[in-house]
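Undergrad: Take a look at run_17.txt, compact mmCIF, C-alpha atoms:
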```
# COMPACT_ATOMS: atom_id res chain seq x y z
CA MET A 1 -121.81 -52.40 202.61
CA SER A 2 -118.22 -53.07 201.83
CA VAL A 3 -117.20 -54.25 198.38
CA ARG A 4 -113.83 -55.88 197.68
CA ILE A 5 -112.91 -56.56 194.06
CA THR A 6 -110.14 -59.03 193.27
CA GLY A 7 -108.99 -61.09 190.32
CA ASP A 8 -106.75 -60.77 187.32
CA THR A 9 -106.29 -57.69 185.13
CA LEU A 10 -110.03 -57.47 184.45
CA ALA A 11 -110.51 -56.42 188.08
CA LEU A 12 -108.46 -53.29 187.32
CA ASP A 13 -110.72 -52.14 184.49
CA SER A 14 -112.41 -48.94 185.68
CA LYS A 15 -115.53 -49.58 183.58
CA LEU A 16 -116.07 -52.97 185.24
CA VAL A 17 -115.36 -51.56 188.69
CA ARG A 18 -118.01 -48.86 188.13
CA ARG A 19 -120.48 -51.51 186.95
CA ILE A 20 -119.83 -53.65 190.05
CA ASN A 21 -120.20 -50.68 192.39
CA GLN A 22 -123.42 -49.65 190.65
CA HIS A 23 -124.86 -53.16 191.12
CA ALA A 24 -123.72 -53.15 194.77
CA ASP A 25 -125.40 -49.79 195.38
CA ASN A 26 -128.62 -51.03 193.80
CA LEU A 27 -128.46 -54.15 195.95
CA GLN A 28 -127.90 -52.08 199.10
CA SER A 29 -130.84 -49.80 198.29
CA ALA A 30 -133.06 -52.85 197.70
CA THR A 31 -132.13 -54.37 201.07
CA PRO A 32 -131.31 -51.45 203.40
CA ASP A 33 -132.07 -53.42 206.58
CA GLN A 34 -129.63 -56.21 205.77
CA PRO A 35 -125.90 -55.45 206.25
CA LEU A 36 -123.83 -57.12 203.59
CA ASP A 37 -120.12 -57.59 202.90
CA LEU A 38 -119.43 -58.39 199.27
CA GLN A 39 -116.35 -59.94 197.67
CA VAL A 40 -116.20 -59.96 193.88
CA ARG A 41 -113.63 -62.04 192.02
CA ILE A 42 -113.22 -61.71 188.27
CA ALA A 43 -111.03 -64.05 186.26
CA GLU A 44 -110.57 -65.16 182.68
CA GLU A 45 -110.66 -68.88 182.04
CA PHE A 46 -110.37 -71.25 179.14
CA ASP A 47 -112.79 -74.13 178.76
CA GLN A 48 -112.12 -76.83 176.16
CA LEU A 49 -115.76 -76.87 175.08
CA ARG A 50 -116.70 -73.20 175.31
CA GLY A 51 -113.41 -71.39 174.72
CA HIS A 52 -112.41 -68.21 176.56
CA ARG A 53 -114.87 -67.00 179.17
CA VAL A 54 -114.98 -64.58 182.06
CA ARG A 55 -115.93 -65.95 185.47
CA CYS A 56 -117.51 -63.68 188.08
CA GLU A 57 -117.75 -65.04 191.62
CA LEU A 58 -119.71 -63.18 194.30
CA VAL A 59 -119.37 -64.04 197.98
CA ALA A 60 -121.90 -62.19 200.12
CA THR A 61 -121.43 -62.42 203.89
CA LEU A 62 -124.63 -61.68 205.78
CA SER A 63 -124.97 -60.44 209.33
CA ALA A 64 -125.80 -63.88 210.78
CA LYS A 65 -122.44 -65.29 209.62
CA ARG A 66 -124.10 -66.79 206.58
CA GLN A 67 -122.55 -66.75 203.15
CA ILE A 68 -124.15 -66.77 199.76
CA ILE A 69 -121.89 -67.70 196.85
CA VAL A 70 -122.80 -67.11 193.22
CA ARG A 71 -120.58 -68.11 190.30
CA GLU A 72 -121.27 -67.19 186.71
CA ALA A 73 -119.23 -67.51 183.51
CA GLN A 74 -120.06 -65.76 180.23
CA LYS A 75 -118.25 -64.71 177.07
CA LYS A 76 -118.24 -61.03 178.08
CA ALA A 77 -117.34 -59.63 181.49
CA GLU A 78 -120.36 -57.32 181.61
CA GLN A 79 -122.74 -60.23 181.03
CA ALA A 80 -121.04 -62.32 183.72
CA ILE A 81 -121.30 -59.48 186.25
CA ASP A 82 -124.95 -58.74 185.43
CA THR A 83 -125.95 -62.41 185.61
CA ALA A 84 -124.07 -63.00 188.86
CA PHE A 85 -125.72 -60.03 190.58
CA ALA A 86 -129.14 -61.15 189.30
CA GLY A 87 -128.50 -64.57 190.83
CA LEU A 88 -127.39 -62.98 194.10
CA LYS A 89 -130.59 -60.91 194.28
CA THR A 90 -132.65 -64.06 193.81
CA LYS A 91 -130.75 -65.95 196.50
CA LEU A 92 -131.03 -63.02 198.94
CA ARG A 93 -134.77 -62.85 198.32
CA ARG A 94 -135.14 -66.59 198.96
CA GLN A 95 -133.06 -66.36 202.12
CA ARG A 96 -135.18 -63.46 203.40
CA ILE A 97 -138.41 -65.39 202.72
CA GLN A 98 -137.04 -68.44 204.56
CA SER A 99 -136.00 -66.36 207.56
CA LEU A 100 -139.41 -64.68 207.67
CA GLY A 101 -141.00 -68.12 207.56
CA ARG A 102 -138.88 -69.27 210.51
CA GLU A 103 -139.72 -66.14 212.51
CA GLY A 104 -143.42 -66.58 211.77
CA ALA A 105 -143.28 -70.21 212.86
CA ALA A 106 -141.45 -69.26 216.07
CA GLN A 107 -144.04 -66.57 216.87
CA ALA A 108 -146.87 -69.04 216.17
CA LEU A 109 -145.32 -71.45 218.68
CA ARG A 110 -145.02 -68.67 221.26
CA ALA A 111 -148.63 -67.62 220.66
CA THR A 112 -149.91 -71.11 221.46
CA GLY A 113 -147.77 -71.40 224.57
CA THR A 114 -145.87 -74.48 223.44
```
Re-express the file's structure as structure tokens.

TA:
Amino acid sequence: MSVRITGDTLALDSKLVRRINQHADNLQSATPDQPLDLQVRIAEEFDQLRGHRVRCELVATLSAKRQIIVREAQKKAEQAIDTAFAGLKTKLRRQRIQSLGREGAAQALRATGT
């Protein structure tokens, strides 16, 4: 798995970089059979209603040229990172279940000879 971290000055914070790499390692150990390229973008933003927030955007490129994009904004950078990676895990799990369903349906069609 390759991890690329970009963004404003928050992306240079060593504590946040360690946190992102730790989440990426946990994600890789949870899905060892699925190669994954991960791009993480961290940026501060100002919203008129909610004030200053930190946005974490994850772009995961899977082996079949599929992309999963997760965006999360929270008051603290750590919370945004944790929530974004939790959302990515959920989306990866759903994608894996869908692909298993398609493979099972294809094998069922082959088994019947149609």

Undergrad: For each of A:Thr6, A:Gln39, A:Thr90, A:Gln48, take the minimum atom-to-atom distance to Gln67 in chain A, counting all atoms listed in the file, then give the residue where this is smallest.

TA: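 Residue with the minimum atom-to-atom distance to Gln67 in chain A: A:Gln39.
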
Undergrad: In terms of the shortest atom-to-atom distance over all atoms listed in the file, which of A:His23, A:Arg96, A:Lys65, A:Lys89 is closest to Val40 in chain A?

TA: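 Closest candidate: A:His23.
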
Undergrad: Kindly give the distance, in Å, that separates CA of Ala86 in chain A and CA of Asp13 in chain A, rounded to a single decimal.

TA: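 So the answer is 21.1 Å.
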
Undergrad: When you count all atoms listed in the file, which of these residues is closest to His52 in chain A: A:Arg66, A:Leu38, A:Lys76, A:Asn21?

TA: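 Looking only at the distances to His52 in chain A, the closest residue turns out to be A:Lys76.
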
Undergrad: Give the answer as one residue: which of A:Arg93, A:Leu62, A:Asp47, A:Gln79 has the shortest atom-to-atom distance to Ala30 in chain A, using all atoms listed in the file?

TA: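 Closest residue, counting all atoms listed in the file: A:Arg93.
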
Undergrad: Between CA of Glu57 in chain A and CA of Gln22 in chain A, what is the distance, to one decimal in Å?

TA: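 Result for CA of Glu57 in chain A versus CA of Gln22 in chain A: 16.4 Å, one decimal.
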
Undergrad: Would you mind reading off the distance between CA of Arg53 in chain A and CA of Gln74 in chain A, one decimal, in Å?

TA: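 CA of Gln74 in chain A lies 5.4 Å from CA of Arg53 in chain A.
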
Undergrad: Could you check which of A:Ile97, A:Ala24, A:Ile81, A:Ala43 is closest to Thr9 in chain A, using all atoms listed in the file?

TA: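 Among A:Ile97, A:Ala24, A:Ile81, A:Ala43, it is A:Ala43 that comes nearest to Thr9 in chain A.
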
Undergrad: Rank A:Ala84, A:Val70, A:Ala64, A:Met1 by their smallest atom-to-atom distance to Thr31 in chain A, using all atoms listed in the file, and report the top residue only.

TA: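 With all atoms listed in the file as the atom set, the closest residue is A:Met1.
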